[in-house]
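See below for target_0.pdb, which holds PDB, C-alpha atoms and all ligand atoms.
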ATOM      1  CA  MET A   1       0.000   0.000   0.000
ATOM      2  CA  THR A   2       1.131   3.544  -0.756
ATOM      3  CA  SER A   3       1.700   5.948   2.115
ATOM      4  CA  ARG A   4       1.428   9.698   1.573
ATOM      5  CA  PRO A   5       1.710  11.271   5.033
ATOM      6  CA  ALA A   6       0.900  14.969   5.231
ATOM      7  CA  PRO A   7       4.014  17.160   5.545
ATOM      8  CA  THR A   8       2.621  18.975   8.579
ATOM      9  CA  ASP A   9       4.045  22.203  10.055
ATOM     10  CA  HIS A  10       3.056  21.152  13.593
ATOM     11  CA  PRO A  11       2.557  17.754  15.244
ATOM     12  CA  ILE A  12      -0.886  16.118  14.809
ATOM     13  CA  LEU A  13      -2.380  12.670  15.414
ATOM     14  CA  ASP A  14      -0.785  10.059  13.188
ATOM     15  CA  HIS A  15      -4.146   8.942  11.777
ATOM     16  CA  LEU A  16      -4.839  12.489  10.590
ATOM     17  CA  ARG A  17      -1.406  12.669   9.019
ATOM     18  CA  GLN A  18      -1.890   9.337   7.253
ATOM     19  CA  ARG A  19      -5.311  10.155   5.753
ATOM     20  CA  TRP A  20      -5.441  11.014   2.092
ATOM     21  CA  SER A  21      -7.959  10.640  -0.725
ATOM     22  CA  THR A  22      -6.537   7.789  -2.732
ATOM     23  CA  PHE A  23      -7.664   6.994  -6.271
ATOM     24  CA  ALA A  24      -6.118   3.521  -6.160
ATOM     25  CA  PHE A  25      -8.049   0.807  -4.328
ATOM     26  CA  GLU A  26      -7.445  -2.918  -4.111
ATOM     27  CA  PRO A  27     -10.703  -4.478  -5.395
ATOM     28  CA  ARG A  28     -11.439  -6.748  -2.440
ATOM     29  CA  PRO A  29     -14.123  -6.985   0.246
ATOM     30  CA  LEU A  30     -13.821  -5.602   3.776
ATOM     31  CA  PRO A  31     -13.473  -7.938   6.758
ATOM     32  CA  PRO A  32     -16.764  -8.452   8.658
ATOM     33  CA  GLY A  33     -17.601  -5.771  11.200
ATOM     34  CA  GLU A  34     -15.514  -3.009   9.681
ATOM     35  CA  LEU A  35     -18.399  -1.006   8.208
ATOM     36  CA  ARG A  36     -20.342  -1.228  11.481
ATOM     37  CA  SER A  37     -17.383   0.267  13.341
ATOM     38  CA  LEU A  38     -17.085   3.077  10.796
ATOM     39  CA  PHE A  39     -20.765   3.983  11.179
ATOM     40  CA  GLU A  40     -20.419   3.711  14.958
ATOM     41  CA  ALA A  41     -17.655   6.323  14.791
ATOM     42  CA  ALA A  42     -20.013   8.548  12.777
ATOM     43  CA  ARG A  43     -22.822   7.891  15.240
ATOM     44  CA  TRP A  44     -20.862   9.320  18.157
ATOM     45  CA  ALA A  45     -20.135  12.657  16.509
ATOM     46  CA  ALA A  46     -21.298  15.847  18.185
ATOM     47  CA  SER A  47     -24.271  17.590  16.575
ATOM     48  CA  SER A  48     -26.269  20.747  17.116
ATOM     49  CA  PHE A  49     -29.034  19.962  19.708
ATOM     50  CA  ASN A  50     -27.937  16.317  19.363
ATOM     51  CA  GLU A  51     -30.090  16.299  16.214
ATOM     52  CA  GLN A  52     -27.874  13.697  14.480
ATOM     53  CA  PRO A  53     -29.059  14.712  11.001
ATOM     54  CA  TRP A  54     -26.696  12.286   9.243
ATOM     55  CA  HIS A  55     -27.909   9.305   7.227
ATOM     56  CA  PHE A  56     -25.901   6.874   5.120
ATOM     57  CA  LEU A  57     -26.741   4.483   2.309
ATOM     58  CA  VAL A  58     -24.155   1.731   1.934
ATOM     59  CA  ALA A  59     -23.288  -0.969  -0.591
ATOM     60  CA  ALA A  60     -20.466  -3.439   0.020
ATOM     61  CA  ARG A  61     -18.451  -4.739  -2.917
ATOM     62  CA  ASP A  62     -19.674  -8.319  -2.439
ATOM     63  CA  GLN A  63     -23.305  -7.158  -2.813
ATOM     64  CA  GLU A  64     -22.696  -6.948  -6.545
ATOM     65  CA  ASP A  65     -26.043  -5.554  -7.744
ATOM     66  CA  GLU A  66     -26.296  -3.027  -4.931
ATOM     67  CA  PHE A  67     -22.707  -1.945  -5.468
ATOM     68  CA  ALA A  68     -23.316  -1.404  -9.205
ATOM     69  CA  ARG A  69     -26.506   0.553  -8.448
ATOM     70  CA  MET A  70     -24.684   2.871  -6.045
ATOM     71  CA  LEU A  71     -21.733   3.260  -8.414
ATOM     72  CA  SER A  72     -24.205   4.549 -11.020
ATOM     73  CA  CYS A  73     -25.047   7.429  -8.651
ATOM     74  CA  LEU A  74     -21.523   8.861  -9.036
ATOM     75  CA  VAL A  75     -20.413  11.099 -11.899
ATOM     76  CA  GLU A  76     -18.490   9.133 -14.518
ATOM     77  CA  VAL A  77     -15.017  10.446 -13.632
ATOM     78  CA  ASN A  78     -15.538   9.189 -10.096
ATOM     79  CA  GLN A  79     -16.985   5.844 -11.231
ATOM     80  CA  ALA A  80     -13.738   5.135 -13.110
ATOM     81  CA  TRP A  81     -11.708   4.700  -9.906
ATOM     82  CA  ALA A  82     -14.398   4.225  -7.234
ATOM     83  CA  GLN A  83     -15.436   0.939  -8.883
ATOM     84  CA  ASN A  84     -12.450  -0.687  -7.137
ATOM     85  CA  ALA A  85     -13.486   0.373  -3.623
ATOM     86  CA  SER A  86     -14.513  -2.232  -1.049
ATOM     87  CA  ALA A  87     -17.656  -0.284  -0.186
ATOM     88  CA  LEU A  88     -19.534   2.763  -1.405
ATOM     89  CA  VAL A  89     -21.496   5.106   0.822
ATOM     90  CA  LEU A  90     -23.858   7.972   0.025
ATOM     91  CA  SER A  91     -24.275  10.546   2.759
ATOM     92  CA  VAL A  92     -27.616  12.270   3.215
ATOM     93  CA  THR A  93     -28.601  14.922   5.736
ATOM     94  CA  ARG A  94     -31.950  15.868   7.235
ATOM     95  CA  LEU A  95     -32.393  19.574   6.593
ATOM     96  CA  GLY A  96     -34.979  20.379   9.277
ATOM     97  CA  PHE A  97     -35.213  19.811  13.025
ATOM     98  CA  THR A  98     -37.193  16.707  13.987
ATOM     99  CA  ARG A  99     -39.074  18.557  16.742
ATOM    100  CA  ASP A 100     -40.538  21.407  14.676
ATOM    101  CA  GLY A 101     -39.349  21.030  11.056
ATOM    102  CA  LYS A 102     -37.588  24.402  11.151
ATOM    103  CA  PRO A 103     -34.387  24.616   9.047
ATOM    104  CA  ASN A 104     -31.301  23.248  10.782
ATOM    105  CA  ALA A 105     -28.460  25.544   9.705
ATOM    106  CA  MET A 106     -25.990  22.978  11.061
ATOM    107  CA  ALA A 107     -27.327  20.023   9.055
ATOM    108  CA  ARG A 108     -24.461  19.851   6.565
ATOM    109  CA  HIS A 109     -21.888  20.774   9.195
ATOM    110  CA  ASP A 110     -22.970  17.894  11.407
ATOM    111  CA  LEU A 111     -23.049  15.419   8.520
ATOM    112  CA  GLY A 112     -19.518  16.525   7.648
ATOM    113  CA  LEU A 113     -18.331  16.086  11.214
ATOM    114  CA  ALA A 114     -19.796  12.568  11.383
ATOM    115  CA  THR A 115     -18.168  11.767   8.042
ATOM    116  CA  GLY A 116     -14.843  13.039   9.381
ATOM    117  CA  GLN A 117     -15.083  10.715  12.362
ATOM    118  CA  LEU A 118     -15.953   7.797  10.078
ATOM    119  CA  THR A 119     -12.937   8.661   7.939
ATOM    120  CA  ILE A 120     -10.430   8.762  10.775
ATOM    121  CA  GLU A 121     -11.840   5.528  12.262
ATOM    122  CA  ALA A 122     -11.267   3.994   8.824
ATOM    123  CA  VAL A 123      -7.656   5.210   8.698
ATOM    124  CA  SER A 124      -7.050   3.755  12.161
ATOM    125  CA  ARG A 125      -8.105   0.386  10.688
ATOM    126  CA  GLY A 126      -5.773   0.600   7.697
ATOM    127  CA  LEU A 127      -8.528   1.728   5.326
ATOM    128  CA  ALA A 128      -8.794   4.745   3.051
ATOM    129  CA  VAL A 129     -11.839   6.931   2.417
ATOM    130  CA  HIS A 130     -12.154   9.140  -0.661
ATOM    131  CA  PRO A 131     -15.022  11.647  -0.371
ATOM    132  CA  MET A 132     -16.884  12.757  -3.494
ATOM    133  CA  GLY A 133     -19.062  15.743  -4.204
ATOM    134  CA  GLY A 134     -19.366  14.315  -7.707
ATOM    135  CA  ILE A 135     -22.637  12.477  -7.217
ATOM    136  CA  VAL A 136     -25.963  12.657  -9.090
ATOM    137  CA  PRO A 137     -28.432  13.792  -6.401
ATOM    138  CA  ASP A 138     -31.589  13.426  -8.525
ATOM    139  CA  ARG A 139     -30.680   9.851  -9.389
ATOM    140  CA  ILE A 140     -30.018   9.087  -5.706
ATOM    141  CA  ARG A 141     -33.376  10.590  -4.744
ATOM    142  CA  GLU A 142     -35.152   8.436  -7.313
ATOM    143  CA  LEU A 143     -33.269   5.138  -6.852
ATOM    144  CA  TYR A 144     -33.376   5.152  -3.052
ATOM    145  CA  GLY A 145     -36.661   6.987  -2.473
ATOM    146  CA  ILE A 146     -35.134   9.862  -0.498
ATOM    147  CA  PRO A 147     -38.011  11.824   1.070
ATOM    148  CA  GLU A 148     -38.542  15.597   0.920
ATOM    149  CA  GLY A 149     -36.518  17.402   3.558
ATOM    150  CA  PHE A 150     -33.425  15.243   3.072
ATOM    151  CA  GLU A 151     -30.456  16.087   0.878
ATOM    152  CA  PRO A 152     -27.842  13.752  -0.637
ATOM    153  CA  VAL A 153     -24.502  15.472   0.022
ATOM    154  CA  THR A 154     -21.513  13.241  -0.775
ATOM    155  CA  GLY A 155     -20.385   9.821  -1.853
ATOM    156  CA  LEU A 156     -17.579   7.956  -0.074
ATOM    157  CA  ALA A 157     -15.338   5.304  -1.572
ATOM    158  CA  ILE A 158     -13.923   3.112   1.204
ATOM    159  CA  GLY A 159     -11.300   0.419   0.894
ATOM    160  CA  PHE A 160      -7.675  -0.626   0.881
ATOM    161  CA  ALA A 161      -5.278   1.802  -0.789
ATOM    162  CA  ALA A 162      -3.346   0.168  -3.639
ATOM    163  CA  THR A 163      -0.178   1.278  -5.396
ATOM    164  CA  ALA A 164      -0.556   3.945  -8.069
ATOM    165  CA  GLU A 165       0.637   1.515 -10.775
ATOM    166  CA  SER A 166      -2.938   0.295 -11.301
ATOM    167  CA  LEU A 167      -4.074   3.802 -12.316
ATOM    168  CA  SER A 168      -4.395   5.566 -15.670
ATOM    169  CA  GLU A 169      -1.673   8.114 -16.436
ATOM    170  CA  GLU A 170      -3.893  11.068 -15.494
ATOM    171  CA  LEU A 171      -4.993   9.565 -12.184
ATOM    172  CA  ARG A 172      -1.443   8.468 -11.382
ATOM    173  CA  ARG A 173      -0.311  12.058 -11.856
ATOM    174  CA  ARG A 174      -3.013  13.286  -9.463
ATOM    175  CA  GLU A 175      -2.293  10.482  -6.997
ATOM    176  CA  MET A 176       1.418  11.319  -6.870
ATOM    177  CA  ALA A 177       1.028  15.121  -6.853
ATOM    178  CA  GLU A 178       2.561  17.004  -3.966
ATOM    179  CA  ARG A 179       0.172  17.343  -1.030
ATOM    180  CA  VAL A 180      -0.410  21.039  -0.426
ATOM    181  CA  ARG A 181      -2.321  23.179   2.063
ATOM    182  CA  ARG A 182      -2.687  26.886   2.689
ATOM    183  CA  PRO A 183      -0.518  27.980   5.628
ATOM    184  CA  GLN A 184      -2.183  28.686   8.985
ATOM    185  CA  ARG A 185      -1.493  32.427   8.653
ATOM    186  CA  ASP A 186      -4.047  32.479   5.799
ATOM    187  CA  PHE A 187      -6.898  31.129   7.911
ATOM    188  CA  VAL A 188      -6.092  31.362  11.647
ATOM    189  CA  PHE A 189      -6.693  34.963  12.677
ATOM    190  CA  GLY A 190      -6.546  36.909  15.925
ATOM    191  CA  GLY A 191      -7.548  40.468  16.729
ATOM    192  CA  SER A 192      -9.089  41.175  13.328
ATOM    193  CA  TRP A 193      -9.904  39.517  10.027
ATOM    194  CA  GLU A 194      -6.778  38.464   8.086
ATOM    195  CA  GLN A 195      -4.479  39.316  10.994
ATOM    196  CA  PRO A 196      -2.533  36.097  11.609
ATOM    197  CA  ALA A 197      -3.033  34.844  15.175
ATOM    198  CA  GLU A 198       0.009  35.175  17.398
ATOM    199  CA  LEU A 199       0.323  31.753  18.983
ATOM    200  CA  ASP A 200       3.270  30.054  20.664
TER
HETATM  201  C1  LIG B 301     -16.823  17.340   0.121
HETATM  202  C2  LIG B 301     -15.717  16.790  -0.766
HETATM  203  C3  LIG B 301     -15.995  16.518  -2.096
HETATM  204  C4  LIG B 301     -14.997  15.955  -2.913
HETATM  205  N1  LIG B 301     -15.326  15.577  -4.187
HETATM  206  C5  LIG B 301     -14.432  14.854  -4.913
HETATM  207  C6  LIG B 301     -14.836  14.274  -6.149
HETATM  208  O1  LIG B 301     -16.006  14.354  -6.584
HETATM  209  N2  LIG B 301     -13.897  13.571  -6.841
HETATM  210  C7  LIG B 301     -12.614  13.426  -6.393
HETATM  211  O2  LIG B 301     -11.813  12.777  -7.068
HETATM  212  N3  LIG B 301     -12.229  13.926  -5.199
HETATM  213  C8  LIG B 301     -13.102  14.630  -4.444
HETATM  214  N4  LIG B 301     -12.748  15.115  -3.202
HETATM  215  C9  LIG B 301     -11.377  14.887  -2.688
HETATM  216  C10 LIG B 301     -10.567  16.174  -2.685
HETATM  217  O3  LIG B 301     -10.148  16.467  -3.994
HETATM  218  C11 LIG B 301      -9.369  16.003  -1.726
HETATM  219  O4  LIG B 301      -9.852  15.837  -0.421
HETATM  220  C12 LIG B 301      -8.432  17.196  -1.767
HETATM  221  O5  LIG B 301      -7.809  17.318  -3.028
HETATM  222  C13 LIG B 301      -7.327  17.095  -0.715
HETATM  223  O6  LIG B 301      -6.627  15.902  -0.880
HETATM  224  P1  LIG B 301      -6.488  14.827   0.295
HETATM  225  O7  LIG B 301      -7.888  14.451   0.741
HETATM  226  O8  LIG B 301      -5.777  13.659  -0.332
HETATM  227  O9  LIG B 301      -5.716  15.450   1.410
HETATM  228  C14 LIG B 301     -13.703  15.710  -2.389
HETATM  229  C15 LIG B 301     -13.437  16.015  -1.040
HETATM  230  C16 LIG B 301     -14.431  16.526  -0.240
HETATM  231  C17 LIG B 301     -14.132  16.783   1.225
END

For this file, write the structure as structure tokens.
Ligand SMILES: Cc1cc2nc3c(=O)[nH]c(=O)nc-3n(C[C@H](O)[C@H](O)[C@H](O)COP(=O)(O)O)c2cc1C
Amino acid sequence: MTSRPAPTDHPILDHLRQRWSTFAFEPRPLPPGELRSLFEAARWAASSFNEQPWHFLVAARDQEDEFARMLSCLVEVNQAWAQNASALVLSVTRLGFTRDGKPNAMARHDLGLATGQLTIEAVSRGLAVHPMGGIVPDRIRELYGIPEGFEPVTGLAIGFAATAESLSEELRRREMAERVRRPQRDFVFGGSWEQPAELD
């Protein structure tokens, strides 16, 4: 398996450093229990008013028809590599509060936080998660009967990272590209907007 640890400026948890969005997956099933643990990690995320707006649709690789159906909900460029994942997930959030139906401004935030926890749990188990905004929401709504008030947000490809050799030239280039991030001074402010925070 390839390793592409983040070249961090400050120390962070190893599982955060080791996470990256691989395009190369080994096409094999997950051991039993793994997906349940990933969703358990999502389940224990914090959420505004403990609303837990997150929902997930899942298809494991060995459920061949279900896996193909879910793959068809991704845009074609994502299908090309995600077809090798061990499992596919579609994330869906409830947009309103359960108690009064009023809009929950934190609905996508909380889904994202739960997805982050799922992702890091996966890394801790030697798995990789590649998130995708490139999904076809109308197709997901139709195929899975998503009710009004719920929104498909992302797809996730989950599996075992493979070496880049299995990839097309274009994907190999993207897989091997330098990992870059904006520096903290561009987004951690103190005193006023765009004033870099003075931290030890
Ligand atoms: C919400 C979201 C949507 C994304 N959509 C796609 C996508 O449709 N296709 C894709 O190849 N990568 C997608 N990515 C992966 C990003 O390109 C990737 O996270 C980013 O380049 C940083 O790379 P890293 O995750 O390896 O650190 C998405 C990531 C997120 C968080």

Can you work out which residues are within 7 Å of ligand LIG 301 (chain B), considering only C-alpha atoms and all ligand atoms, and then hand them over as a list in words?
Arg19, Trp20, Ser21, Thr22, Asn78, His130, Pro131, Met132, Gly133, Gly134, Ile135, Thr154 and Arg179 of chain A

I want to know what sits within 6 Å of stretch 55-67 of chain A, based on only C-alpha atoms, with residues of the same chain fewer than 2 positions away left out; could you give that as a VMD selection string?
chain A and resid 29 69 to 70 86 to 93

Got a sec to resolve the PyMOL selection byres (((chain A and resi 79) around 12) and not hetatm) on this structure and send the residues as a PyMOL selection string?
chain A and resi 23+67-78+80-85+88+132+134-136+155-157

To one decimal place in Å, what is the distance between atom CA of A:Ala41 and atom CA of A:His10?
25.5 Å

Quick one: distance from atom CA of A:Ser166 to atom CA of A:Arg4 in Å, one decimal?
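Interatomic distance, atom CA of A:Ser166 to atom CA of A:Arg4: 16.5 Å.
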
Report, in Å to a single decimal, how far apart atom CA of A:Pro5 and atom CA of A:Gly159 are.
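If I compute the distance from atom CA of A:Gly159 to atom CA of A:Pro5, I get 17.4 Å.
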
Tell me, as a PDB file with C-alpha atoms, keeping the file's coordinate frame, which residues lie within 7 Å of A:Pro137, counting all atoms listed in the file; anything in the same chain fewer than 3 positions away does not count.
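File selection25.pdb, as written:
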ATOM      1  CA  ILE A 140     -30.018   9.087  -5.706  1.00  0.00           C
ATOM      2  CA  ARG A 141     -33.376  10.590  -4.744  1.00  0.00           C
ATOM      3  CA  PRO A 152     -27.842  13.752  -0.637  1.00  0.00           C
TER       4      PRO A 152
END

Do you know which residues are at most 10 Å from A:Phe49 counting only C-alpha atoms, after dropping those on the same chain fewer than 4 positions away, and could you put them as a list in words?
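Final neighbour list, sorted by chain and number: Phe97, Asn104 and Met106 of chain A.
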
Output the residue selection produced by the PyMOL selection byres (((chain A and resi 123) around 12) and not hetatm) on the file above, formatted as a PyMOL selection string.
chain A and resi 3+5+13-22+34+37-38+41+116-122+124-130+158-161

Show which residues sit within 6 Å of A:Ala114, as a ChimeraX atom specification. Count all atoms listed in the file, and ignore same-chain residues fewer than 3 positions away.
/A:42,45,111,117

Matched chain/residue IDs from the PyMOL selection byres (((chain A and resi 176) around 10) and not hetatm), as a list in words
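On the file shown, the PyMOL selection byres (((chain A and resi 176) around 10) and not hetatm) covers Thr2, Arg4, Thr22, Ala164, Leu171, Arg172, Arg173, Arg174, Glu175, Ala177, Glu178 and Arg179 of chain A.
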
Which residues come within 12 Å of A:Asp9, counting only C-alpha atoms, excluding same-chain residues fewer than 5 positions away, as a ChimeraX atom specification?
/A:17,180-185

Could you save the residues just selected, with C-alpha atoms, as a short mmCIF file (atom, residue, chain, number, x, y, z; two decimals), keeping the file's coordinate frame?
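As written to disk, out_36.cif reads:
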data_model
loop_
_atom_site.label_atom_id
_atom_site.label_comp_id
_atom_site.auth_asym_id
_atom_site.auth_seq_id
_atom_site.Cartn_x
_atom_site.Cartn_y
_atom_site.Cartn_z
CA ARG A 17 -1.41 12.67 9.02
CA VAL A 180 -0.41 21.04 -0.43
CA ARG A 181 -2.32 23.18 2.06
CA ARG A 182 -2.69 26.89 2.69
CA PRO A 183 -0.52 27.98 5.63
CA GLN A 184 -2.18 28.69 8.98
CA ARG A 185 -1.49 32.43 8.65
#
